[in-house]
Each structure stands twice: as C-alpha cells, then as structure tokens.
Amino acid sequence: MIQVKNLTKIYKTTVKGSSFFSDLFNRKYKEVVALDKVSFEIAGNELVGFIGPNGAGKTTTLKILAGILYPTSGQVNVLDYFPFDKKRSFLKQIAFVMGQRNQLLWDLPALDTFQLNKEIYEVSDDRYHQIVDELTSLLNAENLVEKPVKTLSLGERMKMELIATLIHNPKLIFFDEPTIGLDLFSQEIIREFIKKYQKQYRATIMLTSHYMEDVKRLAKRIIVINKGKILYDGNLKEIVQKYSSTKLVTVVLESKIDQIKLSSIGNIISYVFPKVSYKIDRHLIPEKIDLINRLLPYMDLTIEEEPIEEIIKKLFSGKK
Ligand SMILES: Nc1ncnc2c1ncn2[C@@H]1O[C@H](COP(=O)(O)OP(=O)(O)O)[C@@H](O)[C@H]1O
Ligand SMILES: [Mg+2]
C-alpha cells in the first residue's frame, strides 16, 4: 500500500542577514535535511506506530505520503499513486488527521460539517448515512451530532472532528499526534476509536505520537526515526529482545537481610524493606536467580523487562 525508497527531504530556508541590503543581494540559504534516504513499506490493513523525538521527521514523512509536501528525492508510492499529483481518486482514499484541528462550523451542529464534507468527497447518500450511523455508534455520540458545536465539551468536539475527517471512509489514514495536549480521558477516547475503526474497516493506519502509551496500545509494528534516519523497523515486542540487555528482578524478602549479602547478588536499583530490586544482565538471569534462591529467604520474586520507553530513549541517544 505504501512504498518509500531513499526518500529525502531538504528544506531550504533563508537566513536573515545583518541588514536589509545584505538580505536582498546576498541571500543566504540554510538547508535542513529533514529526511535522509528513508525506506520502508507498509502493506494493507496494518497499524504502524511511527515514533521519534521532536524534529525527527515524522510530520514531514506523513505530509509527503499524503501529498501535502513534495519530496526532494527518492521514490514514493502510495496506493499506486505519486501522492503529490493529488489525484482526486487518491485523495478520496486517504485522510490526514492532525491533533487539535478545528474544521467544525462553530455555531452549527456537527451534522452540517459532515454534510459539507460529504459534498466535497462526493459520498453517496446511502453511504453517507451508513457511515454517520456507524461512526456515531462507535463513538457513543448519537446524541451529539445535532447540537451546536459550541455547546459541546472538548472531548465531544473531538469525536465530531473524527467523524468529519473520516466521512469518506478512507482506507489509508495518517494520524499525526492525534492525542497531543489532550487530557487522559480524551486520549483514551481517541485510542479506543482508532483501534475499533481499524478493526471494523480494515483500514491501514500510520500513527505518530510521542506518547508511548498510544503506540504500545495500538501498534504491533513500529518504525523509529531520529534525525531523518530510520533506526528501527519491526515488531514492537522484538525491540525489547534486541535492544534491552538487562531485566529488572524484584525480590520480596521474608526478613531483613544484611546489605553486604544483598549486594553480593548484583547491582541493586532500590531497597526498601521488604522489596529489593536488581538490574541484571539478560544472559546472567538463570545463574543470578539460582544465587537468590540459595542466599535470600523470600516470599515473592518477579522478573520484568525494561520499559519500552527506556529502551527507545537509549536507541535515540545511540547507546546500547
Ligand atoms: N517548513 C519547514 N521549513 C524548514 N524546516 C522545517 C520545516 N518543517 C520542518 N522542518 C524541520 O525539519 C525537521 C523535521 O521536522 P518534522 O517533520 O516536523 O519533525 P517531527 O514531526 O518528527 O517533530 C526538523 O528539523 C524541523 O525543524
Ligand atoms: Mg510532528
């Protein structure tokens, strides 16, 4: 559905000179390499998390895929189109959803905006009514569509925004930071909706977010980008295997144990009786557990993976 090869995007910006004349005659350009030979493919019916720190190139990538920006070089193929050609038949199949966008007509019910988008996207009457019914029920929003938008709460308005953006039932959706700046409750509404929508319509979704929670809950596959380069593309679970060298072992002690004895096991992360936690190398786990069994009287023992957030932070910083 999406094929990207050696995609490069360089932004050229003018740098202000010291005076009006130097600006005019000696214009200086600064080049920002936003994407540097990015390649990946996305098949149909997939939900891919696209993550990276601020300025990594996420929005630039999505804008190129949606036909909003022209690439500097490389190949881009989306649904067998070159996105920037902006063919109507292409635009009718995609949607670009940004967080905190406002397209709703303020004084009117959301239904009026839906109707407007219906006309823009040339959705048939039957299809339109079906989609509005399905999406409102997916969002528990049947009673909201006829109220003036200005009387709705933020969370309710967001639901209406989502319906308005998806009224043409696109099969490929780019969500760019859909939950940014929202309270936890509203974030949850969006997350649940994306999940259900994807399932119900078998849509292909690419989602950027810097909330790991979004990605963990929604995506099986992640593409990690930093400074315009892809650092990782694969299963979210496998990133843990690949990049995490340690596990967290927590022991709930039966009785107080001498610090020296505790330290003889390994690197203590925290100790507040009765709980002691160790950071232990993945490959040393069996022998350390064996040691704990022999040296420490305990009531409980748990072994946890390093949090994905931590692993990805390490990925960004180039450390392993
Ligand atoms: N219109 C623009 N002009 C110049 N530089 C830009 C423009 N848009 C983005 N950039 C730069 O390109 C890089 C990637 O930006 P962006 O794709 O927005 O990153 P992200 O969405 O991952 O935060 C950043 O260094 C950013 O400053
Ligand atoms: Mg962005």
# chains A, B, ... in the order shown; residues from 1 in each chain; ligands from 1
>>> residues_near_ligand(ligand="ligand 2", cutoff="9 Å", atoms="only C-alpha atoms and all ligand atoms", output="count of residues only")
13
>>> select_by_dssp(residues="stretch 48-161 of chain A", states="helix (DSSP H, G or I)", output="count of residues only")
51
>>> residues_near_ligand(ligand="ligand 1", cutoff="12 Å", atoms="only C-alpha atoms and all ligand atoms", output="VMD selection string")
chain A and resid 8 to 15 29 to 36 50 to 64 68 to 70 98 175 to 177 207 to 210 224 to 230
>>> closest_atom_pairs(of="stretch 146-180 of chain A", to="stretch 129-133 of chain A", cutoff="8 Å", atoms="only C-alpha atoms", output="tab-separated table")
residue	atom	partner	partner_atom	distance
A:Ile163	CA	A:Val132	CA	7.3
A:Ile167	CA	A:Ile131	CA	6.5
A:Asn169	CA	A:Ile131	CA	7.4
>>> residues_around(residues="stretch 188-198 of chain A", least_positions_apart="4", cutoff="8 Å", atoms="only C-alpha atoms", output="compact mmCIF listing (two decimals) with N, CA and C atoms, in the first residue's frame")
# COMPACT_ATOMS: atom_id res chain seq x y z
N ASN A 45 -4.02 -3.02 5.62
CA ASN A 45 -4.59 -3.49 6.87
C ASN A 45 -3.58 -3.63 8.00
N LEU A 47 -1.50 -1.43 11.27
CA LEU A 47 -1.45 -0.21 12.06
C LEU A 47 0.00 -0.04 12.53
N LEU A 138 -19.93 3.93 17.06
CA LEU A 138 -18.59 3.56 17.51
C LEU A 138 -18.10 4.51 18.60
N LEU A 139 -18.52 5.76 18.52
CA LEU A 139 -18.06 6.79 19.47
C LEU A 139 -19.09 7.11 20.55
N GLY A 155 -13.91 16.97 24.60
CA GLY A 155 -13.92 15.56 24.22
C GLY A 155 -15.00 15.25 23.20
N LYS A 159 -14.74 14.03 19.06
CA LYS A 159 -15.46 12.93 18.41
C LYS A 159 -16.05 13.41 17.09
N PRO A 178 -2.39 12.47 17.24
CA PRO A 178 -3.81 12.72 17.45
C PRO A 178 -4.18 13.02 18.90
N THR A 179 -3.34 12.63 19.83
CA THR A 179 -3.71 12.82 21.23
C THR A 179 -2.94 13.95 21.91
N LEU A 184 -6.17 12.84 29.81
CA LEU A 184 -6.08 11.38 29.72
C LEU A 184 -7.38 10.76 29.21
N ARG A 202 -10.93 -2.36 8.41
CA ARG A 202 -9.70 -2.92 7.87
C ARG A 202 -8.84 -1.84 7.20
N ALA A 203 -8.81 -0.69 7.83
CA ALA A 203 -8.04 0.42 7.26
C ALA A 203 -6.56 0.24 7.56
N THR A 204 -5.75 0.90 6.77
CA THR A 204 -4.32 0.94 7.05
C THR A 204 -4.04 2.27 7.73
N ILE A 205 -3.32 2.19 8.83
CA ILE A 205 -3.12 3.40 9.63
C ILE A 205 -1.65 3.59 9.97
N ASP A 214 0.18 5.44 23.47
CA ASP A 214 -0.58 5.30 22.22
C ASP A 214 -0.02 4.14 21.41
N ARG A 217 -0.36 0.61 22.94
CA ARG A 217 -1.72 0.09 22.93
C ARG A 217 -2.21 -0.25 21.53
N LEU A 218 -1.66 0.46 20.53
CA LEU A 218 -2.26 0.35 19.20
C LEU A 218 -1.44 -0.43 18.18
>>> closest_residue(among="A:Lys275, A:Arg282, A:Lys313, A:Lys288", to="A:Val252", atoms="only C-alpha atoms")
A:Lys275
>>> atom_distance(atom1="atom CA of A:Leu79", atom2="atom CA of A:Ile222")
20.4 Å
>>> select_by_dssp(residues="stretch 170-237 of chain A", states="strand (DSSP E)", output="PyMOL selection string")
chain A and resi 172-176+204-208+221-226+229-235
>>> residues_around(residues="A:Ile268", least_positions_apart="3", cutoff="9 Å", atoms="only C-alpha atoms", output="PyMOL selection string")
chain A and resi 262-263+265+271+276-279
>>> write_last_selection(atoms="C-alpha atoms", output="tab-separated table (two decimals), in the first residue's frame")
chain	number	residue	atom	x	y	z
A	262	LEU	CA	22.19	-8.34	49.31
A	263	SER	CA	24.86	-6.62	47.24
A	265	ILE	CA	23.82	-10.84	44.25
A	271	TYR	CA	15.96	-1.41	48.53
A	276	VAL	CA	14.85	-5.25	46.80
A	277	SER	CA	15.28	-4.70	43.06
A	278	TYR	CA	18.21	-5.68	40.90
A	279	LYS	CA	19.19	-4.78	37.37
>>> residues_around(residues="A:Asp80", least_positions_apart="6", cutoff="9 Å", atoms="only C-alpha atoms", output="list in words")
Met1, Ile2, Gln3 and Phe90 of chain A
>>> write_last_selection(atoms="N, CA and C atoms", output="mmCIF file, in the first residue's frame")
data_model
loop_
_atom_site.group_PDB
_atom_site.id
_atom_site.type_symbol
_atom_site.label_atom_id
_atom_site.label_comp_id
_atom_site.auth_asym_id
_atom_site.auth_seq_id
_atom_site.Cartn_x
_atom_site.Cartn_y
_atom_site.Cartn_z
ATOM 1 N N MET A 1 0.819 -1.210 0.000
ATOM 2 C CA MET A 1 0.000 0.000 0.000
ATOM 3 C C MET A 1 0.862 1.275 0.000
ATOM 4 N N ILE A 2 1.964 1.207 0.768
ATOM 5 C CA ILE A 2 2.925 2.325 0.756
ATOM 6 C C ILE A 2 4.316 1.766 0.480
ATOM 7 N N GLN A 3 4.983 2.344 -0.491
ATOM 8 C CA GLN A 3 6.389 2.004 -0.717
ATOM 9 C C GLN A 3 7.199 3.288 -0.774
ATOM 10 N N PHE A 90 -7.093 9.533 -5.590
ATOM 11 C CA PHE A 90 -6.155 9.258 -4.492
ATOM 12 C C PHE A 90 -6.659 9.917 -3.205
#
>>> atom_distance(atom1="atom CA of A:Phe84", atom2="atom CA of A:Asn6")
16.7 Å
>>> atom_distance(atom1="atom CA of A:Glu305", atom2="atom CA of A:Ser244")
7.9 Å
>>> closest_residue(among="A:Leu315, A:Val78, A:Val251, A:His283", to="A:Thr302", atoms="only C-alpha atoms")
A:Val251
>>> closest_residue(among="A:Leu284, A:Val215, A:Ile303, A:Ile292", to="A:Leu253", atoms="only C-alpha atoms")
A:Ile292
